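Structure file coords03.cif (mmCIF, C-alpha atoms) is printed below.
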data_run
#
loop_
_atom_site.label_atom_id
_atom_site.label_comp_id
_atom_site.auth_asym_id
_atom_site.auth_seq_id
_atom_site.Cartn_x
_atom_site.Cartn_y
_atom_site.Cartn_z
CA MET A 256 -40.12 10.58 21.78
CA ASN A 257 -43.86 10.10 21.14
CA ALA A 258 -43.78 12.82 18.49
CA LEU A 259 -40.83 11.18 16.71
CA LEU A 260 -42.49 7.76 16.76
CA GLY A 261 -45.70 9.34 15.53
CA VAL A 262 -43.90 10.91 12.55
CA ILE A 263 -42.22 7.58 11.73
CA PHE A 264 -45.52 5.67 11.85
CA HIS A 265 -47.22 8.30 9.69
CA PHE A 266 -44.34 8.08 7.22
CA LEU A 267 -44.89 4.31 6.96
CA GLY A 268 -48.61 4.90 6.41
CA GLY A 269 -47.91 7.59 3.82
CA PHE A 270 -45.43 5.30 2.07
CA ALA A 271 -48.02 2.52 1.90
CA SER A 272 -50.66 4.88 0.51
CA GLY A 273 -48.31 6.59 -1.92
CA SER A 274 -47.04 3.21 -3.19
CA PHE A 275 -50.08 0.93 -3.19
CA TYR A 276 -50.94 1.58 -6.82
CA MET A 277 -47.62 0.22 -8.08
CA PRO A 278 -48.80 -3.46 -8.00
CA TYR A 279 -51.91 -2.46 -9.97
CA LYS A 280 -49.59 -1.42 -12.81
CA LYS A 281 -48.71 -5.13 -13.18
CA VAL A 282 -52.34 -6.15 -13.71
CA LYS A 283 -52.97 -7.15 -17.34
CA GLY A 284 -56.20 -7.18 -19.35
CA TRP A 285 -58.52 -5.76 -16.67
CA GLN A 286 -60.22 -2.39 -16.66
CA TRP A 287 -59.90 -0.05 -13.68
CA GLU A 288 -63.19 -0.97 -11.99
CA THR A 289 -62.36 -4.68 -12.24
CA PHE A 290 -59.00 -4.61 -10.49
CA TRP A 291 -60.16 -1.91 -8.06
CA LEU A 292 -63.03 -4.13 -6.93
CA VAL A 293 -60.82 -7.23 -6.58
CA GLY A 294 -58.25 -5.23 -4.63
CA GLY A 295 -61.07 -3.81 -2.55
CA VAL A 296 -62.11 -7.28 -1.42
CA PHE A 297 -58.77 -7.43 0.39
CA SER A 298 -58.58 -3.81 1.53
CA TRP A 299 -62.20 -3.54 2.74
CA ILE A 300 -63.29 -7.07 3.66
CA ILE A 301 -60.39 -9.46 4.31
CA VAL A 302 -57.44 -7.53 5.74
CA PRO A 303 -59.15 -5.12 8.22
CA PRO A 304 -60.86 -7.87 10.29
CA LEU A 305 -57.68 -9.94 10.14
CA ALA A 306 -55.64 -7.01 11.47
CA ALA A 307 -58.22 -6.43 14.21
CA PHE A 308 -58.26 -10.13 15.14
CA LEU A 309 -54.48 -10.21 15.48
CA THR A 310 -54.33 -7.08 17.61
CA ILE A 311 -57.74 -6.90 19.38
CA PRO A 312 -59.05 -10.46 19.92
CA ASN A 313 -62.42 -9.21 21.25
CA PHE A 314 -62.95 -6.65 18.47
CA TRP A 315 -66.28 -8.15 17.38
CA GLU A 316 -67.68 -7.88 20.88
CA ILE A 317 -66.70 -4.20 20.97
CA ILE A 318 -68.59 -3.60 17.71
CA GLN A 319 -71.62 -5.58 18.88
CA ASN A 320 -71.80 -3.68 22.17
CA GLU A 321 -71.54 -0.25 20.58
CA SER A 322 -74.65 1.88 20.14
CA SER A 323 -76.40 1.88 16.78
CA SER A 324 -76.06 5.66 16.54
CA ILE A 325 -72.25 5.55 16.77
CA LEU A 326 -72.04 2.62 14.36
CA GLY A 327 -74.40 4.34 11.93
CA LEU A 328 -72.52 7.64 12.00
CA THR A 329 -69.15 5.92 11.59
CA PHE A 330 -70.51 3.90 8.65
CA LEU A 331 -72.06 7.02 7.09
CA PHE A 332 -68.80 8.97 7.18
CA GLY A 333 -67.05 5.97 5.64
CA ALA A 334 -69.60 5.87 2.81
CA LEU A 335 -69.25 9.62 2.19
CA TRP A 336 -65.48 9.25 2.11
CA GLY A 337 -65.87 6.49 -0.49
CA ILE A 338 -68.07 8.74 -2.65
CA GLY A 339 -65.47 11.50 -2.41
CA GLY A 340 -62.82 9.12 -3.69
CA PHE A 341 -64.99 8.14 -6.65
CA MET A 342 -65.71 11.78 -7.52
CA TYR A 343 -61.96 12.40 -7.60
CA GLY A 344 -61.91 11.00 -11.12
CA LEU A 345 -64.49 13.54 -12.29
CA GLY A 346 -62.49 16.35 -10.70
CA VAL A 347 -59.36 15.54 -12.67
CA ARG A 348 -61.41 14.99 -15.82
CA TYR A 349 -62.84 18.51 -15.78
CA LEU A 350 -59.87 20.39 -14.27
CA GLY A 351 -56.89 18.29 -15.25
CA VAL A 352 -54.76 16.18 -12.94
CA ALA A 353 -52.54 18.92 -11.57
CA LEU A 354 -55.18 21.57 -10.84
CA GLY A 355 -57.84 19.06 -9.78
CA SER A 356 -55.51 17.16 -7.47
CA SER A 357 -54.22 20.36 -5.89
CA ILE A 358 -57.73 21.59 -5.09
CA MET A 359 -59.06 18.25 -3.84
CA LEU A 360 -56.03 17.21 -1.79
CA GLY A 361 -55.71 20.70 -0.35
CA LEU A 362 -59.37 20.75 0.71
CA THR A 363 -59.16 17.23 2.12
CA MET A 364 -56.16 18.21 4.23
CA VAL A 365 -57.56 21.50 5.49
CA ILE A 366 -61.11 20.28 6.18
CA GLY A 367 -60.06 16.93 7.64
CA SER A 368 -57.63 18.58 10.03
CA LEU A 369 -59.56 21.68 11.10
CA VAL A 370 -63.29 20.83 11.11
CA PRO A 371 -63.07 18.41 14.08
CA SER A 372 -61.13 20.98 16.13
CA ILE A 373 -63.71 23.66 15.25
CA TYR A 374 -66.49 21.27 16.27
CA TYR A 375 -64.84 20.60 19.63
CA GLU A 376 -64.54 24.34 20.19
CA PHE A 377 -68.33 24.51 20.43
CA SER A 378 -68.84 21.00 21.89
CA PRO A 379 -65.86 20.48 24.21
CA GLU A 380 -64.81 16.93 24.99
CA ALA A 381 -62.03 15.72 27.24
CA GLY A 382 -58.86 14.85 25.34
CA LYS A 383 -59.97 16.58 22.13
CA ASP A 384 -58.05 19.52 20.65
CA ASN A 385 -60.15 22.56 19.81
CA ILE A 386 -59.28 25.40 17.46
CA GLY A 387 -59.06 27.98 20.24
CA LEU A 388 -56.42 25.93 22.05
CA MET A 389 -54.44 25.57 18.87
CA PHE A 390 -54.38 29.30 18.18
CA SER A 391 -53.46 30.13 21.78
CA SER A 392 -50.72 27.51 22.30
CA SER A 393 -47.23 27.44 20.80
CA TRP A 394 -47.57 23.80 19.70
CA GLY A 395 -50.90 24.50 18.03
CA GLN A 396 -49.52 27.52 16.20
CA PHE A 397 -46.69 25.41 14.79
CA VAL A 398 -49.17 22.75 13.65
CA LEU A 399 -51.31 25.37 11.91
CA LEU A 400 -48.18 26.85 10.33
CA GLY A 401 -47.25 23.38 9.10
CA LEU A 402 -50.73 23.02 7.58
CA LEU A 403 -50.35 26.34 5.74
CA VAL A 404 -46.87 25.42 4.48
CA CYS A 405 -48.13 22.04 3.24
CA VAL A 406 -50.97 23.67 1.29
CA VAL A 407 -48.37 25.94 -0.33
CA GLY A 408 -46.40 22.81 -1.25
CA ILE A 409 -49.50 21.27 -2.86
CA ILE A 410 -50.09 24.44 -4.90
CA ILE A 411 -46.47 24.48 -6.11
CA SER A 412 -46.66 20.78 -7.02
CA GLY A 413 -49.90 21.42 -8.88
CA LYS A 414 -48.22 24.22 -10.82
CA ALA A 415 -45.42 21.81 -11.75
CA GLY A 416 -48.03 19.32 -12.97
CA VAL A 417 -49.63 21.94 -15.22
CA MET A 418 -46.21 22.82 -16.66
CA LYS A 419 -45.45 19.13 -17.25
CA ASP A 420 -48.72 18.48 -19.09
CA LYS A 421 -48.17 21.49 -21.37
CA GLU A 422 -44.59 20.51 -22.19
CA LEU A 423 -45.19 16.83 -22.86
CA GLN A 424 -48.67 17.29 -24.36
CA THR A 425 -49.66 13.74 -23.50
CA GLU A 426 -52.73 12.33 -21.84
CA SER A 427 -52.70 13.20 -18.16
CA ILE A 428 -51.88 10.53 -15.60
CA ASP A 429 -53.61 10.78 -12.24
CA PRO A 430 -51.80 10.00 -8.96
CA HIS A 431 -53.07 6.41 -9.22
CA GLY A 432 -51.41 5.91 -12.57
CA VAL A 433 -54.63 5.94 -14.62
CA GLU A 434 -54.80 7.85 -17.92
CA VAL A 435 -57.29 10.70 -17.74
CA LYS A 436 -58.90 12.32 -20.77
CA THR A 437 -59.29 15.93 -19.70
CA GLU A 438 -62.48 17.72 -20.75
CA TYR A 439 -61.83 21.17 -19.33
CA LYS A 440 -64.92 22.68 -17.69
CA PHE A 441 -63.77 24.99 -14.92
CA GLY A 442 -67.12 25.75 -13.26
CA LEU A 443 -68.32 22.15 -13.20
CA GLY A 444 -64.85 20.87 -12.34
CA LEU A 445 -64.46 23.28 -9.43
CA THR A 446 -67.85 22.23 -8.04
CA VAL A 447 -67.00 18.53 -8.31
CA ALA A 448 -63.52 19.10 -6.86
CA ILE A 449 -64.91 20.94 -3.83
CA ILE A 450 -67.48 18.19 -3.18
CA SER A 451 -64.82 15.49 -3.57
CA GLY A 452 -62.37 17.31 -1.32
CA VAL A 453 -64.98 17.77 1.40
CA LEU A 454 -66.27 14.19 1.24
CA SER A 455 -62.75 12.71 1.15
CA ALA A 456 -62.07 14.38 4.49
CA CYS A 457 -64.91 12.33 5.99
CA PHE A 458 -62.52 9.48 6.75
CA ASN A 459 -61.09 11.53 9.60
CA PHE A 460 -64.64 12.37 10.71
CA GLY A 461 -65.39 8.64 10.72
CA LEU A 462 -62.46 8.03 13.05
CA GLU A 463 -63.78 10.73 15.35
CA ALA A 464 -67.30 9.28 15.28
CA GLY A 465 -66.02 5.76 15.99
CA LYS A 466 -63.57 6.84 18.68
CA PRO A 467 -65.68 5.25 21.49
CA MET A 468 -64.89 1.80 20.04
CA ALA A 469 -61.18 2.59 19.91
CA SER A 470 -61.38 3.91 23.48
CA VAL A 471 -62.84 0.62 24.71
CA ALA A 472 -59.97 -1.29 23.08
CA ASN A 473 -57.48 1.21 24.46
CA GLU A 474 -58.75 1.04 28.05
CA ALA A 475 -58.85 -2.76 28.02
CA TRP A 476 -55.26 -2.90 26.80
CA LYS A 477 -54.03 -0.35 29.34
CA LEU A 478 -55.73 -2.29 32.12
CA ALA A 479 -53.85 -5.41 31.05
CA ASN A 480 -50.60 -3.51 30.42
CA PRO A 481 -50.33 -0.76 33.07
CA GLY A 482 -47.76 1.95 32.61
CA GLN A 483 -47.10 1.23 28.91
CA GLY A 484 -48.86 4.22 27.38
CA GLU A 485 -51.57 4.21 24.74
CA PHE A 486 -52.54 1.12 22.73
CA LEU A 487 -50.91 1.32 19.30
CA PHE A 488 -53.64 -0.65 17.53
CA GLN A 489 -56.77 0.81 19.13
CA ASN A 490 -58.13 2.17 15.82
CA ASN A 491 -58.16 -1.23 14.15
CA VAL A 492 -61.66 -1.89 15.45
CA THR A 493 -62.92 1.49 14.18
CA TYR A 494 -61.46 0.89 10.73
CA ILE A 495 -63.73 -2.09 10.20
CA VAL A 496 -66.90 0.03 10.41
CA VAL A 497 -65.48 3.01 8.50
CA LEU A 498 -64.31 0.72 5.70
CA TRP A 499 -67.67 -1.04 5.60
CA GLY A 500 -69.08 2.34 4.61
CA GLY A 501 -66.34 2.89 2.05
CA MET A 502 -66.94 -0.61 0.72
CA ALA A 503 -70.64 0.11 0.18
CA SER A 504 -70.11 3.22 -1.94
CA ASN A 505 -67.15 1.76 -3.86
CA LEU A 506 -69.06 -1.46 -4.55
CA ILE A 507 -71.98 0.45 -6.02
CA GLY A 508 -69.65 2.59 -8.12
CA CYS A 509 -67.61 -0.36 -9.41
CA LEU A 510 -70.68 -2.41 -10.28
CA TYR A 511 -72.18 0.56 -12.13
CA LEU A 512 -68.99 0.97 -14.20
CA SER A 513 -68.80 -2.79 -14.76
CA PHE A 514 -72.24 -2.89 -16.40
CA LYS A 515 -71.77 0.42 -18.17
CA ASN A 516 -68.43 -0.63 -19.72
CA LYS A 517 -69.31 -4.35 -19.88
CA SER A 518 -66.08 -4.96 -18.00
CA TYR A 519 -67.68 -7.79 -16.02
CA THR A 520 -66.41 -9.96 -18.87
CA ASP A 521 -62.82 -9.25 -17.75
CA TYR A 522 -62.86 -12.26 -15.44
CA SER A 523 -63.52 -14.69 -18.30
CA LYS A 524 -61.23 -13.18 -20.94
CA LYS A 525 -58.83 -15.52 -22.64
CA ASN A 526 -55.07 -14.94 -22.37
CA VAL A 527 -55.53 -12.93 -19.18
CA PRO A 528 -53.29 -14.02 -16.25
CA VAL A 529 -56.12 -14.22 -13.73
CA VAL A 530 -54.07 -15.72 -10.88
CA LYS A 531 -51.28 -13.18 -11.26
CA ASN A 532 -53.82 -10.37 -11.48
CA ILE A 533 -55.47 -11.50 -8.24
CA ILE A 534 -52.09 -11.72 -6.50
CA PHE A 535 -51.14 -8.17 -7.56
CA CYS A 536 -54.60 -6.92 -6.56
CA ALA A 537 -54.24 -8.61 -3.17
CA LEU A 538 -50.85 -6.97 -2.67
CA ALA A 539 -52.18 -3.56 -3.67
CA GLY A 540 -55.28 -3.92 -1.48
CA THR A 541 -53.20 -4.97 1.51
CA MET A 542 -50.80 -2.05 1.04
CA TRP A 543 -53.80 0.28 0.73
CA PHE A 544 -55.08 -0.85 4.13
CA LEU A 545 -51.64 -0.56 5.72
CA GLN A 546 -51.84 3.22 5.34
CA PHE A 547 -54.59 3.19 7.98
CA PHE A 548 -52.89 0.52 10.09
CA PHE A 549 -49.84 2.75 10.49
CA TYR A 550 -52.00 5.88 10.72
CA GLY A 551 -53.62 4.38 13.81
CA MET A 552 -50.21 3.69 15.32
CA GLY A 553 -49.12 7.26 14.62
CA GLU A 554 -52.35 8.62 16.03
CA SER A 555 -51.85 6.66 19.26
CA LYS A 556 -48.62 8.64 19.73
CA MET A 557 -49.82 12.04 18.52
CA GLY A 558 -53.58 11.99 19.07
CA ASN A 559 -56.35 12.11 16.47
CA GLY A 560 -56.01 15.85 16.04
CA PRO A 561 -54.84 17.99 13.12
CA SER A 562 -51.24 16.80 13.50
CA SER A 563 -52.00 13.22 12.51
CA TRP A 564 -54.17 14.10 9.52
CA ILE A 565 -51.72 16.71 8.19
CA LEU A 566 -48.77 14.33 8.44
CA HIS A 567 -50.78 11.52 6.85
CA MET A 568 -51.76 13.63 3.84
CA ALA A 569 -48.35 15.28 3.49
CA PHE A 570 -46.50 11.97 3.39
CA ILE A 571 -48.97 10.52 0.86
CA ILE A 572 -48.49 13.45 -1.52
CA LEU A 573 -44.72 13.50 -1.01
CA ILE A 574 -44.30 9.76 -1.64
CA ALA A 575 -46.62 9.80 -4.66
CA ASN A 576 -44.57 12.61 -6.21
CA LEU A 577 -41.34 10.75 -5.49
CA TRP A 578 -42.70 7.66 -7.25
CA GLY A 579 -43.50 9.87 -10.24
CA VAL A 580 -39.84 10.84 -10.39
CA VAL A 581 -38.63 7.24 -9.89
CA ILE A 582 -40.75 5.81 -12.72
CA LYS A 583 -39.70 8.71 -14.96
CA GLU A 584 -43.09 10.37 -15.40
CA TRP A 585 -41.19 13.68 -15.46
CA LYS A 586 -38.70 12.58 -18.11
CA GLY A 587 -38.38 15.08 -20.95
CA VAL A 588 -39.63 18.18 -19.12
CA SER A 589 -37.65 21.38 -18.74
CA LYS A 590 -35.27 22.16 -15.90
CA LYS A 591 -37.71 24.83 -14.73
CA THR A 592 -40.48 22.26 -14.36
CA ILE A 593 -38.17 19.84 -12.54
CA SER A 594 -37.08 22.66 -10.23
CA THR A 595 -40.72 23.50 -9.52
CA ILE A 596 -41.69 19.96 -8.49
CA VAL A 597 -38.53 19.66 -6.40
CA VAL A 598 -39.39 22.92 -4.62
CA GLY A 599 -42.92 21.62 -4.02
CA MET A 600 -41.61 18.42 -2.44
CA ILE A 601 -39.11 20.34 -0.31
CA VAL A 602 -41.86 22.66 0.94
CA MET A 603 -44.04 19.67 1.90
CA PHE A 604 -41.09 18.04 3.67
CA VAL A 605 -40.55 21.27 5.62
CA SER A 606 -44.23 21.21 6.61
CA ILE A 607 -43.72 17.72 8.01
CA LEU A 608 -40.82 18.95 10.13
CA ILE A 609 -42.86 21.91 11.38
CA VAL A 610 -45.85 19.76 12.37
CA GLY A 611 -43.58 17.19 14.03
CA TYR A 612 -41.80 19.90 15.98
CA GLY A 613 -45.06 21.50 17.01
CA ASN A 614 -46.36 18.19 18.34
CA SER A 615 -43.13 17.68 20.32
CA LEU A 616 -43.92 20.87 22.26
CA ARG A 617 -47.12 19.46 23.75
#

Show me this structure written as structure tokens.
Amino acid sequence: MNALLGVIFHFLGGFASGSFYMPYKKVKGWQWETFWLVGGVFSWIIVPPLAAFLTIPNFWEIIQNESSSILGLTFLFGALWGIGGFMYGLGVRYLGVALGSSIMLGLTMVIGSLVPSIYYEFSPEAGKDNIGLMFSSSWGQFVLLGLLVCVVGIIISGKAGVMKDKELQTESIDPHGVEVKTEYKFGLGLTVAIISGVLSACFNFGLEAGKPMASVANEAWKLANPGQGEFLFQNNVTYIVVLWGGMASNLIGCLYLSFKNKSYTDYSKKNVPVVKNIIFCALAGTMWFLQFFFYGMGESKMGNGPSSWILHMAFIILIANLWGVVIKEWKGVSKKTISTIVVGMIVMFVSILIVGYGNSLR
């Protein structure tokens, strides 16, 4: 039952992440860095503490009582994750959306799911899954198989994207809906993509680093609610610190682009629906945070091991591809290309079933 609930919660998180950019498409007259920063005020500053306050009333005390080393490491991983997200744009610029996305998302999935388990192989910790246990247990083998199948699905989807771009011969559109002018440089693009993929996986590392805060919230809840399992919202306190780090790197990046492109004038432009833009940005920013809100709920049922991260990434990619079909981004391509993207989505869905089944065997 825990495995099923975990899959459902991760689906909700993946749906939120795969859909959050849709409200941004309604923003008028603002450049990317402008609406990303406004949305970020909600996703990094307003909504996370509000979610923690509603679910963990003493969340600020937990943060205050935590050691500076744990807070610093959690913040650092959050900042690195934010840098990885910013470098994503360079990856798709130099490799194209399909190839760049495939490399970066694949690396983020593999590194984010396996590196912590490899670390715990050499530094064992109670309650943490290590890579040796995964290879030697039936549940772990299924999870690793699911990871492999999902990577295959990403590669197939990337191939479909390349076919689509060649057939339509239009400017590429990244998974966030932003037009990308491709300047193909394979060597530089591959380097940037690898760095972005590695750094983007740091969000999961941040959750691992900040786990002591979540454990305090979890133990306090279990003491007050004996016999009711793990606390669904324990990660909400950790998110605050991780997202502070992400906020720092995104803020620097957005301000740099604002001055470079002189987009700081967006806020004072005439004939721009400022109120509507802020509302859509608030909706997008809130949806963006909900991916982590539901991720934490799924993790409480499945553990913060490879299973949770694989399901999180798989659902995000699957939902984003489905939105591409719904808004007719694939209109006008050949049947072969449509068949390829459908196969890619089916393969990723199969990977979700495999990982869910593997976790049910624990």

- [ ] Spell out the residues picked by the PyMOL selection byres ((chain A and resi 332-339) around 7) here, as a PyMOL selection string.
- [x] chain A and resi 328-331+340-343+451-452+454-458+460-461+497-498+500-501+503-505

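Against this structure, the PyMOL selection byres ((chain A and resi 594) around 12) ends up with Ile411, Ser412, Lys414, Ala415, Gly416, Met418, Lys419, Trp585, Val588, Ser589, Lys590, Lys591, Thr592, Ile593, Thr595, Ile596, Val597, Val598, Gly599, Met600 and Ile601 of chain A.
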
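CA of Thr541 (chain A) lies 15.2 Å from CA of Lys280 (chain A).
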
Open item on the list: For a test of reading the model, state the distance in Å between CA of Ser563 (chain A) and CA of Ile495 (chain A), rounded to one decimal.
Closed with: 19.4 Å

Just so the selection is clear, what residues does the PyMOL selection byres ((chain A and resi 271-275) around 7) cover here, as a PDB file with C-alpha atoms, in the coordinates of the input?
ATOM      1  CA  LEU A 267     -44.890   4.310   6.960  1.00  0.00           C
ATOM      2  CA  GLY A 268     -48.610   4.900   6.410  1.00  0.00           C
ATOM      3  CA  GLY A 269     -47.910   7.590   3.820  1.00  0.00           C
ATOM      4  CA  PHE A 270     -45.430   5.300   2.070  1.00  0.00           C
ATOM      5  CA  TYR A 276     -50.940   1.580  -6.820  1.00  0.00           C
ATOM      6  CA  MET A 277     -47.620   0.220  -8.080  1.00  0.00           C
ATOM      7  CA  PRO A 278     -48.800  -3.460  -8.000  1.00  0.00           C
ATOM      8  CA  ALA A 539     -52.180  -3.560  -3.670  1.00  0.00           C
ATOM      9  CA  MET A 542     -50.800  -2.050   1.040  1.00  0.00           C
ATOM     10  CA  TRP A 543     -53.800   0.280   0.730  1.00  0.00           C
ATOM     11  CA  LEU A 545     -51.640  -0.560   5.720  1.00  0.00           C
ATOM     12  CA  GLN A 546     -51.840   3.220   5.340  1.00  0.00           C
ATOM     13  CA  ILE A 571     -48.970  10.520   0.860  1.00  0.00           C
ATOM     14  CA  ILE A 572     -48.490  13.450  -1.520  1.00  0.00           C
ATOM     15  CA  ILE A 574     -44.300   9.760  -1.640  1.00  0.00           C
ATOM     16  CA  ALA A 575     -46.620   9.800  -4.660  1.00  0.00           C
TER      17      ALA A 575
END

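When CA of Gly551 (chain A) is paired with CA of Ser322 (chain A), their separation reads 22.1 Å.
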
Task: Residues near Pro528 (chain A), cut-off 10 Å, all atoms listed in the file, skip fewer than 2 positions along chain, as a list in words - done: Val282, Lys283, Gly284, Trp285, Tyr522, Lys524, Lys525, Asn526, Val530, Lys531, Asn532 and Ile533 of chain A

Next, the residues of the selection above should be written as a tab-separated table (two decimals), keeping the file's coordinate frame with C-alpha atoms.
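Saved to again_23.tsv:
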chain	number	residue	atom	x	y	z
A	282	VAL	CA	-52.34	-6.15	-13.71
A	283	LYS	CA	-52.97	-7.15	-17.34
A	284	GLY	CA	-56.20	-7.18	-19.35
A	285	TRP	CA	-58.52	-5.76	-16.67
A	522	TYR	CA	-62.86	-12.26	-15.44
A	524	LYS	CA	-61.23	-13.18	-20.94
A	525	LYS	CA	-58.83	-15.52	-22.64
A	526	ASN	CA	-55.07	-14.94	-22.37
A	530	VAL	CA	-54.07	-15.72	-10.88
A	531	LYS	CA	-51.28	-13.18	-11.26
A	532	ASN	CA	-53.82	-10.37	-11.48
A	533	ILE	CA	-55.47	-11.50	-8.24

Task: Which of A:Val370, A:Ala569, A:Leu506, A:Val610 sits closest to Val398 (chain A) [using only C-alpha atoms] - done: A:Val610

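Compared by their closest atoms to Met568 (chain A), and using all atoms listed in the file, the residues A:Ile386, A:Val407, A:Ile607, A:Ile301 rank with A:Ile607 nearest.
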